[in-house]
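Source file: final_37.cif (mmCIF, C-alpha atoms)
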data_protein
loop_
_atom_site.label_atom_id
_atom_site.label_comp_id
_atom_site.auth_asym_id
_atom_site.auth_seq_id
_atom_site.Cartn_x
_atom_site.Cartn_y
_atom_site.Cartn_z
CA MET A 1 101.48 41.00 108.89
CA THR A 2 98.94 38.55 110.37
CA ILE A 3 99.46 36.07 113.21
CA ARG A 4 96.58 33.69 114.00
CA GLY A 5 94.05 35.98 112.41
CA VAL A 6 95.27 39.15 114.17
CA ASP A 7 96.57 41.96 111.98
CA LEU A 8 99.76 43.38 113.40
CA PRO A 9 101.37 46.65 112.27
CA ILE A 10 104.36 46.22 109.97
CA PRO A 11 107.30 48.04 111.60
CA SER A 12 108.87 50.91 109.69
CA VAL A 13 112.44 50.12 108.69
CA ILE A 14 115.55 52.17 108.09
CA ARG A 15 118.80 51.40 106.29
CA GLY A 16 121.75 50.25 108.37
CA ALA A 17 123.60 53.32 107.07
CA SER A 18 121.74 55.26 109.77
CA LEU A 19 124.27 53.79 112.22
CA THR A 20 127.33 55.02 110.32
CA ASP A 21 130.06 55.86 112.87
CA PHE A 22 128.05 54.43 115.77
CA ASP A 23 130.86 52.00 116.63
CA ARG A 24 133.47 54.77 116.59
CA HIS A 25 131.46 56.98 118.92
CA ALA A 26 130.85 54.00 121.21
CA ARG A 27 134.60 53.32 121.46
CA GLU A 28 135.30 56.98 122.21
CA HIS A 29 132.96 56.69 125.20
CA GLY A 30 134.28 53.31 126.36
CA LEU A 31 131.20 51.38 125.19
CA ASP A 32 130.87 48.09 123.35
CA ALA A 33 128.84 48.95 120.24
CA ARG A 34 127.94 45.34 119.42
CA ALA A 35 126.78 44.62 122.94
CA LEU A 36 124.50 47.68 122.85
CA ILE A 37 123.13 46.64 119.47
CA ARG A 38 122.33 43.13 120.66
CA GLU A 39 120.69 44.60 123.78
CA VAL A 40 118.04 46.33 121.65
CA GLY A 41 117.52 43.24 119.49
CA LEU A 42 119.45 44.28 116.39
CA PRO A 43 121.96 42.04 114.59
CA ALA A 44 125.57 43.13 115.15
CA THR A 45 126.16 42.73 111.39
CA VAL A 46 124.17 45.92 110.79
CA LEU A 47 127.36 47.87 111.47
CA ASN A 48 128.90 46.36 108.33
CA ASP A 49 125.86 46.37 106.07
CA ALA A 50 124.64 49.83 105.11
CA ASP A 51 121.76 48.42 103.07
CA MET A 52 120.38 46.11 105.77
CA LYS A 53 116.83 47.14 106.70
CA VAL A 54 116.21 47.19 110.46
CA PRO A 55 113.31 48.46 112.60
CA ALA A 56 113.53 52.22 113.05
CA SER A 57 112.13 51.86 116.58
CA ALA A 58 115.12 49.69 117.54
CA VAL A 59 117.55 52.27 116.14
CA ALA A 60 115.82 54.99 118.15
CA SER A 61 116.06 52.84 121.30
CA LEU A 62 119.74 52.15 120.60
CA LEU A 63 120.60 55.85 120.40
CA GLU A 64 118.82 56.56 123.67
CA LEU A 65 120.55 53.60 125.34
CA ALA A 66 123.97 54.83 124.17
CA THR A 67 123.16 58.30 125.48
CA ARG A 68 122.22 56.99 128.91
CA ARG A 69 125.29 54.76 129.18
CA SER A 70 127.73 57.42 127.95
CA GLY A 71 126.18 60.57 129.38
CA ALA A 72 126.73 62.23 125.96
CA MET A 73 123.54 64.19 125.42
CA ASP A 74 124.59 65.22 121.90
CA TRP A 75 124.94 61.66 120.55
CA GLY A 76 122.59 62.16 117.60
CA MET A 77 124.28 65.37 116.46
CA ARG A 78 127.74 63.83 116.77
CA MET A 79 126.70 60.98 114.48
CA ALA A 80 125.34 63.49 111.95
CA GLU A 81 128.58 65.46 111.67
CA GLY A 82 130.40 63.26 109.17
CA ARG A 83 127.52 62.19 106.92
CA LYS A 84 127.94 62.25 103.15
CA LEU A 85 125.52 61.76 100.28
CA SER A 86 127.08 58.33 99.73
CA ASN A 87 125.75 57.23 103.15
CA HIS A 88 122.21 57.57 101.78
CA GLY A 89 122.50 54.90 99.10
CA PRO A 90 119.90 55.30 96.32
CA LEU A 91 118.55 58.47 97.95
CA GLY A 92 122.05 59.98 97.79
CA LEU A 93 122.14 59.37 94.04
CA VAL A 94 118.78 61.11 93.64
CA LEU A 95 120.01 64.12 95.62
CA ARG A 96 123.30 64.47 93.77
CA ASP A 97 121.97 65.91 90.52
CA PRO A 98 119.03 68.33 91.09
CA SER A 99 119.75 71.76 89.60
CA THR A 100 118.57 73.75 92.66
CA LEU A 101 118.06 73.25 96.37
CA SER A 102 114.31 73.48 95.80
CA ASP A 103 114.48 70.47 93.48
CA ALA A 104 116.66 68.63 96.00
CA LEU A 105 114.19 69.17 98.85
CA THR A 106 111.34 68.01 96.65
CA SER A 107 113.33 64.85 95.90
CA ILE A 108 113.94 64.28 99.61
CA ALA A 109 110.23 64.55 100.37
CA ARG A 110 109.31 62.23 97.50
CA HIS A 111 111.93 59.52 98.00
CA ILE A 112 112.77 59.55 101.72
CA ARG A 113 111.11 56.17 102.31
CA VAL A 114 113.83 54.51 100.23
CA HIS A 115 116.20 55.36 103.07
CA ASN A 116 113.94 55.74 106.11
CA GLU A 117 110.35 54.49 106.23
CA ALA A 118 109.84 56.03 109.66
CA LEU A 119 110.27 59.60 108.49
CA ALA A 120 107.80 61.97 106.83
CA VAL A 121 109.20 65.06 105.09
CA GLU A 122 106.98 68.02 104.22
CA LEU A 123 107.73 71.42 102.70
CA GLU A 124 105.76 74.49 103.77
CA THR A 125 106.45 77.60 101.69
CA GLY A 126 105.87 81.12 103.03
CA PRO A 127 106.59 84.57 101.60
CA ASP A 128 110.18 84.67 102.86
CA VAL A 129 110.92 81.23 104.29
CA VAL A 130 110.48 77.55 103.56
CA ILE A 131 109.90 75.18 106.48
CA LEU A 132 111.27 71.68 106.10
CA ARG A 133 109.27 69.52 108.52
CA LEU A 134 110.86 66.22 109.58
CA GLU A 135 108.52 64.05 111.60
CA LEU A 136 108.92 60.53 112.97
CA THR A 137 105.96 58.37 111.93
CA ALA A 138 106.96 55.04 113.51
CA GLU A 139 105.57 53.95 116.86
CA VAL A 140 108.43 54.01 119.34
CA LYS A 141 108.21 53.17 123.02
CA GLY A 142 110.26 55.69 124.94
CA PRO A 143 112.14 58.88 124.05
CA VAL A 144 113.16 59.69 120.47
CA ARG A 145 115.28 62.79 121.15
CA GLN A 146 118.52 61.38 119.74
CA PHE A 147 116.84 59.85 116.68
CA THR A 148 115.15 63.19 115.96
CA GLU A 149 118.36 65.17 116.41
CA LEU A 150 120.20 62.70 114.17
CA VAL A 151 117.59 63.12 111.41
CA VAL A 152 117.55 66.92 111.63
CA GLY A 153 121.35 67.01 111.89
CA VAL A 154 121.83 64.80 108.82
CA THR A 155 119.36 66.91 106.83
CA HIS A 156 121.22 70.06 107.86
CA ARG A 157 124.43 68.39 106.72
CA MET A 158 122.92 67.61 103.29
CA LEU A 159 121.77 71.20 102.86
CA ARG A 160 125.29 72.40 103.54
CA LEU A 161 126.61 70.06 100.87
CA PHE A 162 124.49 72.04 98.41
CA LEU A 163 124.98 75.54 99.79
CA GLY A 164 128.50 75.42 101.19
CA THR A 165 129.87 75.14 104.71
CA SER A 166 129.30 78.84 105.42
CA TRP A 167 125.53 78.50 104.92
CA THR A 168 123.28 78.52 107.97
CA PRO A 169 119.50 78.10 108.22
CA LYS A 170 117.29 80.83 109.61
CA LEU A 171 116.10 78.64 112.48
CA VAL A 172 116.09 75.02 113.68
CA CYS A 173 113.07 73.76 115.63
CA PHE A 174 112.59 70.78 117.94
CA ALA A 175 109.43 69.62 119.69
CA HIS A 176 111.40 68.28 122.66
CA ALA A 177 113.28 70.11 125.41
CA PRO A 178 117.04 70.69 124.98
CA GLY A 179 119.38 67.85 125.86
CA ALA A 180 122.87 69.20 125.22
CA SER A 181 123.85 72.78 126.03
CA GLN A 182 122.31 75.59 124.03
CA ALA A 183 125.81 76.63 122.95
CA HIS A 184 126.43 73.19 121.46
CA TYR A 185 123.25 73.32 119.40
CA ARG A 186 124.09 76.78 118.11
CA LYS A 187 127.65 75.71 117.25
CA PHE A 188 126.41 72.68 115.33
CA PHE A 189 123.62 74.39 113.35
CA GLY A 190 125.11 77.89 113.19
CA CYS A 191 121.78 79.56 114.03
CA ASP A 192 119.20 79.95 116.76
CA VAL A 193 117.56 76.72 117.92
CA GLU A 194 114.11 76.69 119.51
CA PHE A 195 112.63 73.91 121.64
CA GLY A 196 109.08 73.02 122.61
CA CYS A 197 107.91 73.80 119.08
CA ASP A 198 104.95 72.11 117.39
CA PHE A 199 107.24 70.46 114.83
CA ASN A 200 110.79 69.24 114.21
CA GLY A 201 112.58 70.77 111.27
CA ILE A 202 114.63 73.45 109.59
CA VAL A 203 113.53 76.92 108.53
CA CYS A 204 115.36 78.13 105.40
CA ARG A 205 115.33 81.48 103.65
CA ARG A 206 113.25 81.18 100.52
CA ALA A 207 116.01 82.76 98.43
CA ASP A 208 118.32 79.87 99.34
CA LEU A 209 116.10 77.42 97.47
CA ALA A 210 117.03 78.97 94.14
CA ALA A 211 120.73 78.35 94.75
CA PRO A 212 122.23 76.34 91.85
CA ASN A 213 123.87 72.99 92.50
CA PRO A 214 127.38 73.10 90.99
CA ARG A 215 127.43 69.29 90.75
CA ALA A 216 124.11 69.04 88.88
CA ASP A 217 124.07 66.77 85.85
#
As structure tokens - that is how I would like this structure written.
Amino acid sequence: MTIRGVDLPIPSVIRGASLTDFDRHAREHGLDARALIREVGLPATVLNDADMKVPASAVASLLELATRRSGAMDWGMRMAEGRKLSNHGPLGLVLRDPSTLSDALTSIARHIRVHNEALAVELETGPDVVILRLELTAEVKGPVRQFTELVVGVTHRMLRLFLGTSWTPKLVCFAHAPGASQAHYRKFFGCDVEFGCDFNGIVCRRADLAAPNPRAD
């Protein structure tokens, strides 16, 4: 984008579906979701339009604002709890049919920008584990803890849709310091969670990637 001869960066956008259940969580904490949304410069209609593309930086700011106003340090993880493949629009359709988890993760890495332009997904394969790196690429002024925990939480949720609710990763890693209690993180992810790491992501056992998808077509 150019204004008066000056090239300006084009903001990374994300689908409005990223705010699924935001209004419900706001009500539970006595907050006005639409007022918060307007405060960060987003249109209130985003709550009713899953396919609306909005700046990812504004969504990140909104989650941090809601956390400060509510005192709920696990806001991002709470929003991730009820996510379904249908919340991911075209990306959800791509993820529905791969024959194995390995194929599904490859599809996520290849097509993530359809859902979230601000996120880069990389797979790093070792002898016994596969690291799924989830890194925010958009320029955001201020903290991004809740946005990061939402992204990692939603990805964890998608993996469980493939592997079953009893599955747990080997490890979950965050670059930031803990926000909620350690017990809450462990309850949500079902495994150890480390902070102050050099990346954000999920460490899976390599054997899990060969798991067949019973819904594959």
For this session: Quick one: everything within 6 Å of segment 139-155 of chain A, counting all atoms listed in the file, minus sequence neighbours fewer than 3 positions away in the same chain. Send it as a PyMOL selection string.
Result: chain A and resi 57+60+63+76-77+80+158
Output the selection as a CSV table (one decimal), keeping the file's coordinate frame - C-alpha atoms for each residue.
chain,number,residue,atom,x,y,z
A,57,SER,CA,112.1,51.9,116.6
A,60,ALA,CA,115.8,55.0,118.2
A,63,LEU,CA,120.6,55.8,120.4
A,76,GLY,CA,122.6,62.2,117.6
A,77,MET,CA,124.3,65.4,116.5
A,80,ALA,CA,125.3,63.5,112.0
A,158,MET,CA,122.9,67.6,103.3
For this session: Identify all residues satisfying the PyMOL selection byres ((chain A and resi 49) around 10) in the given file; provide them as a PyMOL selection string.
Result: chain A and resi 15-17+19-20+44-48+50-53
Can those selected residues be exported to a file as a short mmCIF file (atom, residue, chain, number, x, y, z; two decimals), in the frame of the given file so that it contains C-alpha atoms?
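again-v6.cif, freshly written:
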data_model
loop_
_atom_site.label_atom_id
_atom_site.label_comp_id
_atom_site.auth_asym_id
_atom_site.auth_seq_id
_atom_site.Cartn_x
_atom_site.Cartn_y
_atom_site.Cartn_z
CA ARG A 15 118.80 51.40 106.29
CA GLY A 16 121.75 50.25 108.37
CA ALA A 17 123.60 53.32 107.07
CA LEU A 19 124.27 53.79 112.22
CA THR A 20 127.33 55.02 110.32
CA ALA A 44 125.57 43.13 115.15
CA THR A 45 126.16 42.73 111.39
CA VAL A 46 124.17 45.92 110.79
CA LEU A 47 127.36 47.87 111.47
CA ASN A 48 128.90 46.36 108.33
CA ALA A 50 124.64 49.83 105.11
CA ASP A 51 121.76 48.42 103.07
CA MET A 52 120.38 46.11 105.77
CA LYS A 53 116.83 47.14 106.70
#
Set the distance at 9 Å and use only C-alpha atoms: which residues neighbour Leu163 of chain A once local chain neighbours fewer than 6 positions away are removed? I'd like the list as a compact mmCIF listing (two decimals) with C-alpha atoms, in the frame of the given file.
# COMPACT_ATOMS: atom_id res chain seq x y z
CA LEU A 101 118.06 73.25 96.37
CA ASP A 208 118.32 79.87 99.34
CA ALA A 211 120.73 78.35 94.75
CA PRO A 212 122.23 76.34 91.85
CA ASN A 213 123.87 72.99 92.50
Problem set entry | Atomic separation - atom CA of Met79 of chain A relative to atom CA of Phe22 of chain A, Å | 6.8 Å
Exercise. Between A:Leu65, A:His25, A:Ile202, A:Gly82, which has the minimum distance to Leu159 of chain A (counting all atoms listed in the file)?
Worked result: A:Ile202
Exercise. So how far away is atom CA of Arg157 of chain A from atom CA of Lys84 of chain A, in Å?
Worked result: 7.9 Å
For this session: Kindly give the distance, in Å, that separates atom CA of Thr106 of chain A and atom CA of Ala58 of chain A, rounded to a single decimal.
Result: 28.0 Å
Problem set entry | Spatial neighbours of His176 of chain A, max dist 9 Å, all atoms listed in the file, sep filter under 4 positions, as a list of chain:residue names | A:Arg145, A:Phe195, A:Gly196, A:Cys197, A:Asn200
Problem set entry | Which residue of A:Arg38, A:Leu134, A:Gly126, A:Asp74 approaches Lys187 of chain A most closely, using all atoms listed in the file |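 Nearest to Lys187 of chain A: A:Asp74.
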Using the chain letters and numbers from the file, give me the residues hit by the PyMOL selection byres ((chain A and resi 186) around 12), as a short mmCIF file (atom, residue, chain, number, x, y, z; two decimals) with C-alpha atoms, in the frame of the given file.
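Dumped everything to result-v1.cif:
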data_model
loop_
_atom_site.label_atom_id
_atom_site.label_comp_id
_atom_site.auth_asym_id
_atom_site.auth_seq_id
_atom_site.Cartn_x
_atom_site.Cartn_y
_atom_site.Cartn_z
CA MET A 77 124.28 65.37 116.46
CA GLY A 153 121.35 67.01 111.89
CA THR A 168 123.28 78.52 107.97
CA PRO A 169 119.50 78.10 108.22
CA LYS A 170 117.29 80.83 109.61
CA LEU A 171 116.10 78.64 112.48
CA VAL A 172 116.09 75.02 113.68
CA CYS A 173 113.07 73.76 115.63
CA PRO A 178 117.04 70.69 124.98
CA ALA A 180 122.87 69.20 125.22
CA SER A 181 123.85 72.78 126.03
CA GLN A 182 122.31 75.59 124.03
CA ALA A 183 125.81 76.63 122.95
CA HIS A 184 126.43 73.19 121.46
CA TYR A 185 123.25 73.32 119.40
CA LYS A 187 127.65 75.71 117.25
CA PHE A 188 126.41 72.68 115.33
CA PHE A 189 123.62 74.39 113.35
CA GLY A 190 125.11 77.89 113.19
CA CYS A 191 121.78 79.56 114.03
CA ASP A 192 119.20 79.95 116.76
CA VAL A 193 117.56 76.72 117.92
CA GLU A 194 114.11 76.69 119.51
#
Exercise. Near Leu119 of chain A, counting all atoms listed in the file, which residues have an atom at most 6 Å away, once you skip same-chain residues fewer than 2 positions from it, shown as a list in words?
Worked result: Asn116, Glu117, Glu135, Leu136 and Thr137 of chain A
For this session: Please write as a ChimeraX atom specification the full residue list that the PyMOL selection byres ((chain A and resi 36) around 12) yields on this file.
Result: /A:22-23,26-27,30-35,37-44,47,58-59,61-70
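Remark: for Ala175 of chain A, the closest of the candidate residues A:Arg133, A:Phe162, A:Ile108, A:Cys204 is A:Arg133 (distances computed over all atoms listed in the file).
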Problem set entry | Minimum-distance residue to Ser102 of chain A, chosen among A:Thr125, A:Ser18, A:Ser12, A:Ser166 (using only C-alpha atoms) | A:Thr125
